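Have a look at data-v3.pdb below; it lists PDB, C-alpha atoms.
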ATOM      1  CA  MET A   1       8.559  13.557  -4.399  1.00  0.00           C
ATOM      2  CA  ASP A   2       8.033  17.137  -5.454  1.00  0.00           C
ATOM      3  CA  GLY A   3       9.857  19.670  -3.282  1.00  0.00           C
ATOM      4  CA  GLY A   4       9.935  17.454  -0.193  1.00  0.00           C
ATOM      5  CA  SER A   5       6.543  18.817   0.847  1.00  0.00           C
ATOM      6  CA  LEU A   6       5.709  15.739   2.949  1.00  0.00           C
ATOM      7  CA  PRO A   7       7.559  14.584   6.077  1.00  0.00           C
ATOM      8  CA  PHE A   8       8.011  11.063   4.656  1.00  0.00           C
ATOM      9  CA  GLU A   9       8.889   9.498   1.323  1.00  0.00           C
ATOM     10  CA  ALA A  10       7.307   6.121   1.990  1.00  0.00           C
ATOM     11  CA  LEU A  11       4.281   4.972   3.938  1.00  0.00           C
ATOM     12  CA  ALA A  12       3.151   1.528   5.131  1.00  0.00           C
ATOM     13  CA  LEU A  13      -0.568   0.951   4.518  1.00  0.00           C
ATOM     14  CA  ASP A  14      -2.755  -1.161   6.753  1.00  0.00           C
ATOM     15  CA  GLY A  15      -5.249  -3.651   5.390  1.00  0.00           C
ATOM     16  CA  SER A  16      -8.327  -1.623   6.203  1.00  0.00           C
ATOM     17  CA  PHE A  17      -6.952   1.323   4.247  1.00  0.00           C
ATOM     18  CA  LEU A  18      -6.529  -1.003   1.240  1.00  0.00           C
ATOM     19  CA  GLN A  19     -10.118  -2.193   1.627  1.00  0.00           C
ATOM     20  CA  GLY A  20     -11.241   1.416   1.807  1.00  0.00           C
ATOM     21  CA  VAL A  21      -9.486   2.205  -1.470  1.00  0.00           C
ATOM     22  CA  LEU A  22     -11.496  -0.524  -3.210  1.00  0.00           C
ATOM     23  CA  LEU A  23     -14.834   0.123  -1.516  1.00  0.00           C
ATOM     24  CA  GLY A  24     -15.024   3.788  -0.542  1.00  0.00           C
ATOM     25  CA  ARG A  25     -14.331   7.320  -1.592  1.00  0.00           C
ATOM     26  CA  THR A  26     -12.319   8.996   1.213  1.00  0.00           C
ATOM     27  CA  ARG A  27      -9.381   6.592   1.288  1.00  0.00           C
ATOM     28  CA  ARG A  28      -9.311   6.449  -2.478  1.00  0.00           C
ATOM     29  CA  VAL A  29      -8.907  10.218  -2.671  1.00  0.00           C
ATOM     30  CA  LEU A  30      -6.056  10.033  -0.177  1.00  0.00           C
ATOM     31  CA  ALA A  31      -4.381   7.202  -2.121  1.00  0.00           C
ATOM     32  CA  GLY A  32      -4.571   9.385  -5.204  1.00  0.00           C
ATOM     33  CA  ARG A  33      -2.946  12.326  -3.476  1.00  0.00           C
ATOM     34  CA  LEU A  34      -0.122  10.161  -2.148  1.00  0.00           C
ATOM     35  CA  THR A  35       0.447   8.549  -5.545  1.00  0.00           C
ATOM     36  CA  ARG A  36       0.520  11.898  -7.291  1.00  0.00           C
ATOM     37  CA  GLU A  37       2.991  13.230  -4.703  1.00  0.00           C
ATOM     38  CA  GLY A  38       5.279  10.286  -5.440  1.00  0.00           C
ATOM     39  CA  VAL A  39       5.095   8.649  -2.000  1.00  0.00           C
ATOM     40  CA  PHE A  40       6.312   5.036  -2.107  1.00  0.00           C
ATOM     41  CA  LEU A  41       3.402   3.005  -0.743  1.00  0.00           C
ATOM     42  CA  LEU A  42       4.028  -0.430   0.693  1.00  0.00           C
ATOM     43  CA  THR A  43       2.360  -3.076   2.787  1.00  0.00           C
ATOM     44  CA  ALA A  44       2.995  -6.501   4.300  1.00  0.00           C
ATOM     45  CA  PRO A  45       1.783  -9.698   2.577  1.00  0.00           C
ATOM     46  CA  LEU A  46      -0.612 -10.533   5.401  1.00  0.00           C
ATOM     47  CA  GLN A  47      -2.253  -7.095   5.302  1.00  0.00           C
ATOM     48  CA  PHE A  48      -2.601  -7.355   1.530  1.00  0.00           C
ATOM     49  CA  ALA A  49      -4.159 -10.827   1.671  1.00  0.00           C
ATOM     50  CA  THR A  50      -6.398  -9.989   4.624  1.00  0.00           C
ATOM     51  CA  ALA A  51      -7.692  -6.881   2.869  1.00  0.00           C
ATOM     52  CA  LEU A  52      -8.705  -8.883  -0.195  1.00  0.00           C
ATOM     53  CA  ASN A  53     -10.274 -11.629   1.883  1.00  0.00           C
ATOM     54  CA  SER A  54     -12.286  -9.105   3.900  1.00  0.00           C
ATOM     55  CA  VAL A  55     -13.504  -7.483   0.693  1.00  0.00           C
ATOM     56  CA  ARG A  56     -14.521 -10.939  -0.567  1.00  0.00           C
ATOM     57  CA  LEU A  57     -16.524 -11.671   2.598  1.00  0.00           C
ATOM     58  CA  ARG A  58     -18.195  -8.253   2.539  1.00  0.00           C
ATOM     59  CA  LEU A  59     -19.250  -8.610  -1.067  1.00  0.00           C
ATOM     60  CA  LEU A  60     -20.607 -12.124  -0.535  1.00  0.00           C
ATOM     61  CA  ASP A  61     -22.402 -10.869   2.564  1.00  0.00           C
ATOM     62  CA  ARG A  62     -24.065  -8.188   0.447  1.00  0.00           C
ATOM     63  CA  GLY A  63     -25.298 -10.873  -1.935  1.00  0.00           C
ATOM     64  CA  LEU A  64     -22.907 -10.414  -4.842  1.00  0.00           C
ATOM     65  CA  GLY A  65     -22.556 -13.642  -6.847  1.00  0.00           C
ATOM     66  CA  THR A  66     -19.376 -15.667  -6.613  1.00  0.00           C
ATOM     67  CA  SER A  67     -18.341 -15.010 -10.222  1.00  0.00           C
ATOM     68  CA  GLU A  68     -18.821 -11.237  -9.785  1.00  0.00           C
ATOM     69  CA  VAL A  69     -16.894 -11.369  -6.519  1.00  0.00           C
ATOM     70  CA  ALA A  70     -14.076 -13.239  -8.260  1.00  0.00           C
ATOM     71  CA  ALA A  71     -13.998 -10.684 -11.072  1.00  0.00           C
ATOM     72  CA  PHE A  72     -13.970  -7.814  -8.559  1.00  0.00           C
ATOM     73  CA  LEU A  73     -11.113  -9.381  -6.603  1.00  0.00           C
ATOM     74  CA  THR A  74      -9.007 -10.169  -9.654  1.00  0.00           C
ATOM     75  CA  GLU A  75      -9.175  -6.551 -10.749  1.00  0.00           C
ATOM     76  CA  GLY A  76      -8.923  -5.289  -7.169  1.00  0.00           C
ATOM     77  CA  GLU A  77      -5.784  -7.289  -6.445  1.00  0.00           C
ATOM     78  CA  ASP A  78      -4.153  -6.053  -9.614  1.00  0.00           C
ATOM     79  CA  LEU A  79      -5.059  -2.473  -8.754  1.00  0.00           C
ATOM     80  CA  LEU A  80      -3.746  -2.671  -5.208  1.00  0.00           C
ATOM     81  CA  ALA A  81      -0.542  -4.236  -6.497  1.00  0.00           C
ATOM     82  CA  GLU A  82      -0.106  -1.223  -8.757  1.00  0.00           C
ATOM     83  CA  LEU A  83      -0.850   1.147  -5.892  1.00  0.00           C
ATOM     84  CA  CYS A  84       1.548  -0.376  -3.372  1.00  0.00           C
ATOM     85  CA  THR A  85       4.480  -2.773  -3.156  1.00  0.00           C
ATOM     86  CA  VAL A  86       4.140  -5.891  -1.016  1.00  0.00           C
ATOM     87  CA  ILE A  87       7.205  -6.640   1.106  1.00  0.00           C
ATOM     88  CA  GLU A  88       7.705  -9.336   3.721  1.00  0.00           C
ATOM     89  CA  PRO A  89       9.581  -8.182   6.835  1.00  0.00           C
ATOM     90  CA  GLY A  90      12.655  -9.992   8.091  1.00  0.00           C
ATOM     91  CA  ARG A  91      12.795 -12.204  11.170  1.00  0.00           C
ATOM     92  CA  GLY A  92      14.692  -9.667  13.276  1.00  0.00           C
ATOM     93  CA  ALA A  93      12.074  -7.021  12.643  1.00  0.00           C
ATOM     94  CA  MET A  94       9.308  -9.523  13.432  1.00  0.00           C
ATOM     95  CA  MET A  95      10.935 -10.250  16.785  1.00  0.00           C
ATOM     96  CA  GLU A  96      11.193  -6.540  17.505  1.00  0.00           C
ATOM     97  CA  ALA A  97       7.510  -6.072  16.638  1.00  0.00           C
ATOM     98  CA  ARG A  98       6.529  -8.953  18.919  1.00  0.00           C
ATOM     99  CA  ASN A  99       8.659  -7.466  21.713  1.00  0.00           C
ATOM    100  CA  ARG A 100       6.643  -4.292  21.343  1.00  0.00           C
ATOM    101  CA  GLY A 101       3.430  -6.211  21.855  1.00  0.00           C
ATOM    102  CA  PHE A 102       2.229  -6.563  18.276  1.00  0.00           C
ATOM    103  CA  LYS A 103       0.452  -9.833  17.588  1.00  0.00           C
ATOM    104  CA  PRO A 104       1.691 -12.102  14.761  1.00  0.00           C
ATOM    105  CA  GLY A 105      -1.102 -12.850  12.337  1.00  0.00           C
ATOM    106  CA  LYS A 106      -2.632  -9.449  13.038  1.00  0.00           C
ATOM    107  CA  ASP A 107      -0.493  -6.296  13.234  1.00  0.00           C
ATOM    108  CA  ALA A 108       3.037  -7.625  13.769  1.00  0.00           C
ATOM    109  CA  GLU A 109       3.890  -8.038  10.063  1.00  0.00           C
ATOM    110  CA  LEU A 110       3.050  -4.449   9.181  1.00  0.00           C
ATOM    111  CA  ALA A 111       4.667  -3.084  12.347  1.00  0.00           C
ATOM    112  CA  ALA A 112       7.826  -5.093  11.582  1.00  0.00           C
ATOM    113  CA  LEU A 113       7.953  -3.762   8.048  1.00  0.00           C
ATOM    114  CA  ALA A 114       7.580  -0.187   9.272  1.00  0.00           C
ATOM    115  CA  LEU A 115      10.303  -0.736  11.872  1.00  0.00           C
ATOM    116  CA  GLU A 116      12.638  -2.360   9.387  1.00  0.00           C
ATOM    117  CA  LEU A 117      12.287   0.351   6.767  1.00  0.00           C
ATOM    118  CA  GLY A 118      11.829   3.254   9.163  1.00  0.00           C
ATOM    119  CA  VAL A 119       8.579   4.393   7.593  1.00  0.00           C
ATOM    120  CA  PRO A 120       5.345   5.560   9.251  1.00  0.00           C
ATOM    121  CA  VAL A 121       2.170   3.485   9.193  1.00  0.00           C
ATOM    122  CA  LEU A 122      -1.115   4.774   7.832  1.00  0.00           C
ATOM    123  CA  THR A 123      -3.763   3.297  10.116  1.00  0.00           C
ATOM    124  CA  SER A 124      -6.759   4.111  12.295  1.00  0.00           C
ATOM    125  CA  ASP A 125      -6.147   1.043  14.437  1.00  0.00           C
ATOM    126  CA  GLY A 126      -5.392   2.142  18.002  1.00  0.00           C
ATOM    127  CA  ASP A 127      -3.254  -0.992  18.525  1.00  0.00           C
ATOM    128  CA  PHE A 128      -0.455   0.780  16.654  1.00  0.00           C
ATOM    129  CA  TRP A 129      -0.370   3.777  18.965  1.00  0.00           C
ATOM    130  CA  GLY A 130       2.029   4.211  21.865  1.00  0.00           C
ATOM    131  CA  ARG A 131       4.420   1.491  20.722  1.00  0.00           C
ATOM    132  CA  GLY A 132       7.233   3.577  19.323  1.00  0.00           C
ATOM    133  CA  LEU A 133       5.997   3.634  15.745  1.00  0.00           C
ATOM    134  CA  ALA A 134       5.278   6.754  13.734  1.00  0.00           C
ATOM    135  CA  THR A 135       1.667   6.635  12.632  1.00  0.00           C
ATOM    136  CA  TRP A 136      -0.753   8.735  10.633  1.00  0.00           C
ATOM    137  CA  THR A 137      -4.481   8.291  10.485  1.00  0.00           C
ATOM    138  CA  PRO A 138      -6.175   8.905   7.139  1.00  0.00           C
ATOM    139  CA  GLU A 139      -7.970  11.860   8.762  1.00  0.00           C
ATOM    140  CA  ASN A 140      -4.896  13.642  10.108  1.00  0.00           C
ATOM    141  CA  LEU A 141      -2.944  12.950   6.936  1.00  0.00           C
ATOM    142  CA  ALA A 142      -5.761  14.411   4.823  1.00  0.00           C
ATOM    143  CA  SER A 143      -5.772  17.509   7.070  1.00  0.00           C
ATOM    144  CA  TYR A 144      -2.004  17.808   6.779  1.00  0.00           C
ATOM    145  CA  LEU A 145      -2.133  17.580   2.991  1.00  0.00           C
ATOM    146  CA  GLU A 146      -4.894  20.182   2.977  1.00  0.00           C
ATOM    147  CA  SER A 147      -2.759  22.519   5.089  1.00  0.00           C
ATOM    148  CA  LYS A 148       0.102  22.142   2.592  1.00  0.00           C
ATOM    149  CA  GLY A 149      -2.168  22.957  -0.330  1.00  0.00           C
ATOM    150  CA  LEU A 150      -2.058  19.356  -1.552  1.00  0.00           C
ATOM    151  CA  GLY A 151      -5.669  18.560  -0.776  1.00  0.00           C
TER     152      GLY A 151
ATOM    153  CA  MET B   1      13.581  -9.015   4.509  1.00  0.00           C
ATOM    154  CA  LYS B   2      12.382 -10.791   1.403  1.00  0.00           C
ATOM    155  CA  THR B   3       9.686 -10.270  -1.109  1.00  0.00           C
ATOM    156  CA  SER B   4       6.948 -12.836  -1.016  1.00  0.00           C
ATOM    157  CA  THR B   5       5.178 -11.943  -4.203  1.00  0.00           C
ATOM    158  CA  GLU B   6       8.025 -11.089  -6.565  1.00  0.00           C
ATOM    159  CA  ARG B   7       6.542  -7.631  -6.901  1.00  0.00           C
ATOM    160  CA  LEU B   8       9.669  -6.073  -5.426  1.00  0.00           C
ATOM    161  CA  LYS B   9      12.515  -7.474  -7.475  1.00  0.00           C
ATOM    162  CA  PRO B  10      15.573  -8.469  -5.410  1.00  0.00           C
ATOM    163  CA  VAL B  11      18.992  -7.784  -6.954  1.00  0.00           C
ATOM    164  CA  THR B  12      22.525  -8.187  -5.675  1.00  0.00           C
ATOM    165  CA  VAL B  13      24.835  -5.212  -5.288  1.00  0.00           C
ATOM    166  CA  ALA B  14      26.898  -6.507  -8.230  1.00  0.00           C
ATOM    167  CA  GLU B  15      23.820  -6.774 -10.464  1.00  0.00           C
ATOM    168  CA  PHE B  16      22.655  -3.346  -9.374  1.00  0.00           C
ATOM    169  CA  ARG B  17      26.028  -1.801 -10.209  1.00  0.00           C
ATOM    170  CA  GLN B  18      26.332  -3.626 -13.516  1.00  0.00           C
ATOM    171  CA  HIS B  19      22.822  -2.955 -14.802  1.00  0.00           C
ATOM    172  CA  LEU B  20      22.067   0.415 -13.228  1.00  0.00           C
ATOM    173  CA  LYS B  21      21.234   2.056 -16.558  1.00  0.00           C
ATOM    174  CA  ARG B  22      18.703  -0.657 -17.388  1.00  0.00           C
ATOM    175  CA  TYR B  23      17.142  -0.509 -13.929  1.00  0.00           C
ATOM    176  CA  LEU B  24      16.787   3.261 -14.255  1.00  0.00           C
ATOM    177  CA  GLU B  25      15.065   2.792 -17.607  1.00  0.00           C
ATOM    178  CA  LEU B  26      12.720   0.137 -16.177  1.00  0.00           C
ATOM    179  CA  GLY B  27      11.619   2.578 -13.492  1.00  0.00           C
ATOM    180  CA  GLU B  28      10.593  -0.138 -11.018  1.00  0.00           C
ATOM    181  CA  PRO B  29      11.512  -0.353  -7.316  1.00  0.00           C
ATOM    182  CA  LEU B  30      14.228  -2.868  -6.454  1.00  0.00           C
ATOM    183  CA  LEU B  31      15.379  -4.542  -3.270  1.00  0.00           C
ATOM    184  CA  VAL B  32      19.183  -4.284  -3.207  1.00  0.00           C
ATOM    185  CA  ALA B  33      20.681  -7.051  -1.077  1.00  0.00           C
ATOM    186  CA  ARG B  34      24.232  -8.084  -0.283  1.00  0.00           C
ATOM    187  CA  ARG B  35      24.840 -11.524  -1.873  1.00  0.00           C
ATOM    188  CA  GLY B  36      21.146 -11.430  -2.715  1.00  0.00           C
ATOM    189  CA  LYS B  37      20.203 -12.105   0.908  1.00  0.00           C
ATOM    190  CA  GLU B  38      21.057  -9.328   3.337  1.00  0.00           C
ATOM    191  CA  PRO B  39      18.946  -6.291   2.460  1.00  0.00           C
ATOM    192  CA  LEU B  40      20.782  -3.002   2.092  1.00  0.00           C
ATOM    193  CA  GLY B  41      17.938  -0.840   0.924  1.00  0.00           C
ATOM    194  CA  ILE B  42      15.196  -0.220  -1.557  1.00  0.00           C
ATOM    195  CA  PHE B  43      15.951   1.634  -4.754  1.00  0.00           C
ATOM    196  CA  ILE B  44      12.952   3.745  -5.736  1.00  0.00           C
ATOM    197  CA  PRO B  45      13.236   5.450  -9.134  1.00  0.00           C
ATOM    198  CA  LEU B  46      11.539   8.819  -9.185  1.00  0.00           C
ATOM    199  CA  ARG B  47       8.734   9.319 -11.679  1.00  0.00           C
ATOM    200  CA  SER B  48       7.868  12.686 -13.123  1.00  0.00           C
ATOM    201  CA  ARG B  49       4.716  14.388 -11.908  1.00  0.00           C
ATOM    202  CA  ALA B  50       3.149  13.821 -15.317  1.00  0.00           C
ATOM    203  CA  GLU B  51       3.881  10.084 -15.107  1.00  0.00           C
ATOM    204  CA  ARG B  52       2.432   9.900 -11.604  1.00  0.00           C
ATOM    205  CA  GLU B  53      -0.674  11.789 -12.663  1.00  0.00           C
ATOM    206  CA  ARG B  54      -1.139   9.398 -15.597  1.00  0.00           C
ATOM    207  CA  ALA B  55      -0.651   6.348 -13.367  1.00  0.00           C
ATOM    208  CA  TRP B  56      -3.288   7.566 -10.911  1.00  0.00           C
ATOM    209  CA  LYS B  57      -5.701   8.434 -13.719  1.00  0.00           C
ATOM    210  CA  ARG B  58      -5.428   4.845 -15.003  1.00  0.00           C
ATOM    211  CA  MET B  59      -6.062   3.478 -11.512  1.00  0.00           C
ATOM    212  CA  GLU B  60      -9.011   5.835 -11.007  1.00  0.00           C
ATOM    213  CA  GLU B  61     -10.617   4.632 -14.220  1.00  0.00           C
ATOM    214  CA  ARG B  62     -10.249   1.027 -13.114  1.00  0.00           C
ATOM    215  CA  LEU B  63     -11.661   1.839  -9.666  1.00  0.00           C
ATOM    216  CA  ALA B  64     -14.631   3.508 -11.358  1.00  0.00           C
ATOM    217  CA  ALA B  65     -15.255   0.254 -13.259  1.00  0.00           C
ATOM    218  CA  LEU B  66     -15.334  -1.616  -9.927  1.00  0.00           C
ATOM    219  CA  ASP B  67     -17.789   0.971  -8.576  1.00  0.00           C
ATOM    220  CA  ARG B  68     -20.016   0.367 -11.589  1.00  0.00           C
ATOM    221  CA  LEU B  69     -19.950  -3.380 -10.981  1.00  0.00           C
ATOM    222  CA  LEU B  70     -21.139  -2.839  -7.394  1.00  0.00           C
ATOM    223  CA  ALA B  71     -23.693  -0.202  -8.413  1.00  0.00           C
ATOM    224  CA  GLU B  72     -25.225  -2.621 -10.933  1.00  0.00           C
ATOM    225  CA  HIS B  73     -26.007  -4.875  -7.962  1.00  0.00           C
ATOM    226  CA  GLY B  74     -27.150  -2.051  -5.691  1.00  0.00           C
ATOM    227  CA  ILE B  75     -24.129  -2.381  -3.406  1.00  0.00           C
ATOM    228  CA  ARG B  76     -22.641   0.648  -1.730  1.00  0.00           C
ATOM    229  CA  PHE B  77     -20.472   0.973   1.369  1.00  0.00           C
ATOM    230  CA  SER B  78     -20.829   4.052   3.537  1.00  0.00           C
ATOM    231  CA  GLU B  79     -17.761   5.873   4.809  1.00  0.00           C
ATOM    232  CA  GLU B  80     -19.021   5.224   8.357  1.00  0.00           C
ATOM    233  CA  GLU B  81     -18.897   1.460   7.740  1.00  0.00           C
ATOM    234  CA  LEU B  82     -15.362   1.745   6.413  1.00  0.00           C
ATOM    235  CA  ASP B  83     -14.315   3.956   9.339  1.00  0.00           C
ATOM    236  CA  GLU B  84     -15.606   1.378  11.824  1.00  0.00           C
ATOM    237  CA  LEU B  85     -13.730  -1.347  10.026  1.00  0.00           C
ATOM    238  CA  ALA B  86     -10.526   0.715  10.085  1.00  0.00           C
ATOM    239  CA  GLU B  87     -10.619   1.244  13.820  1.00  0.00           C
ATOM    240  CA  GLY B  88      -9.891  -2.433  14.283  1.00  0.00           C
TER     241      GLY B  88
END

Taking this structure as input, can you express it in the form of structure tokens?
Amino acid sequence: MDGGSLPFEALALDGSFLQGVLLGRTRRVLAGRLTREGVFLLTAPLQFATALNSVRLRLLDRGLGTSEVAAFLTEGEDLLAELCTVIEPGRGAMMEARNRGFKPGKDAELAALALELGVPVLTSDGDFWGRGLATWTPENLASYLESKGLG
Amino acid sequence: MKTSTERLKPVTVAEFRQHLKRYLELGEPLLVARRGKEPLGIFIPLRSRAERERAWKRMEERLAALDRLLAEHGIRFSEEELDELAEG
């Protein structure tokens, strides 16, 4: 990372942020800034898989054909894998996440990963707040980057 | 901790020590684990700003191709929709 201008060197991404990178503009811009600043981006396997499955359902719901959806997802998965590294948390960290009230099969995997590696989570999901985890929302991170001249 | 997708390559301390030069040249993150099991940390090679800029440019071009695929079918997601989704 250039000059240590950010208060973290790695960031755990939630599934909805990954969806936003594939489908929208705002989160994509933020992903670009983080990549260019050399932040190590990571996520949990469940968040990664859930993001792709949600994108699949959304595209089918909008009437995109199954072969186009498959093509989109193949490229999308490859892209997200280049953007971030998928890491499965250990059992101890999963127990800790459960003890803090995170639900397995939903948020616990990502929370456990963040706890295990000591990295903040990028999420807008209020379930992550007030449970002893450092979090950033895309909005406050974008504002922070702007204030540092990295916008 | 273990990698489920093989995207983060696990190496033992001995392998890491022995092949450090090669790992530096590869420039990929590694999971360093004692006896290949107990994780000690993640080794993240630093990339130059120019390399990072190039990597993002490649990703941006590929994302633009996905946008075109959706646009051809008249599909567009508003930021409001994505914000609602993100709030869980």

Given the ChimeraX specification (/B :<6) & /A and the file above, list the residues it selects as number ranges by chain.
A: 16, 36, 87-90, 124-125

What does the distance from CA of Gln47 in chain A to CA of Leu30 in chain A come to in Å, to one decimal?
18.4 Å

Determine, counting all atoms listed in the file, which protein, DNA and RNA residues have an atom within 8 Å of an atom of Val32 in chain B; residues of the same chain fewer than 3 positions away are not included. Present the result as an mmCIF file with C-alpha atoms, in the frame of the given file.
data_model
loop_
_atom_site.group_PDB
_atom_site.id
_atom_site.type_symbol
_atom_site.label_atom_id
_atom_site.label_comp_id
_atom_site.auth_asym_id
_atom_site.auth_seq_id
_atom_site.Cartn_x
_atom_site.Cartn_y
_atom_site.Cartn_z
ATOM 1 C CA PRO B 10 15.573 -8.469 -5.410
ATOM 2 C CA VAL B 11 18.992 -7.784 -6.954
ATOM 3 C CA THR B 12 22.525 -8.187 -5.675
ATOM 4 C CA VAL B 13 24.835 -5.212 -5.288
ATOM 5 C CA PHE B 16 22.655 -3.346 -9.374
ATOM 6 C CA GLY B 36 21.146 -11.430 -2.715
ATOM 7 C CA PRO B 39 18.946 -6.291 2.460
ATOM 8 C CA LEU B 40 20.782 -3.002 2.092
ATOM 9 C CA GLY B 41 17.938 -0.840 0.924
ATOM 10 C CA ILE B 42 15.196 -0.220 -1.557
ATOM 11 C CA PHE B 43 15.951 1.634 -4.754
#

By how many Å are CA of Ala81 in chain A and CA of Phe128 in chain A apart?
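Between these atoms lies a distance of 23.7 Å.
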
Report, in Å to a single decimal, how far apart CA of Asp107 in chain A and CA of Asp127 in chain A are.
8.0 Å

Looking at all atoms listed in the file, which of B:Leu20, B:Arg68, B:Lys9, B:Glu15 is the one that sits closest to Arg34 in chain B?
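Ranked by minimum distance to Arg34 in chain B, first place goes to B:Glu15.
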
Applying the PyMOL selection byres ((chain A and resi 6) around 12) to the file I just gave you, which residues come out? Please list them as an MDAnalysis selection string.
chainID A and resid 1:5 7:11 33:34 37:40 120 141:142 144:150
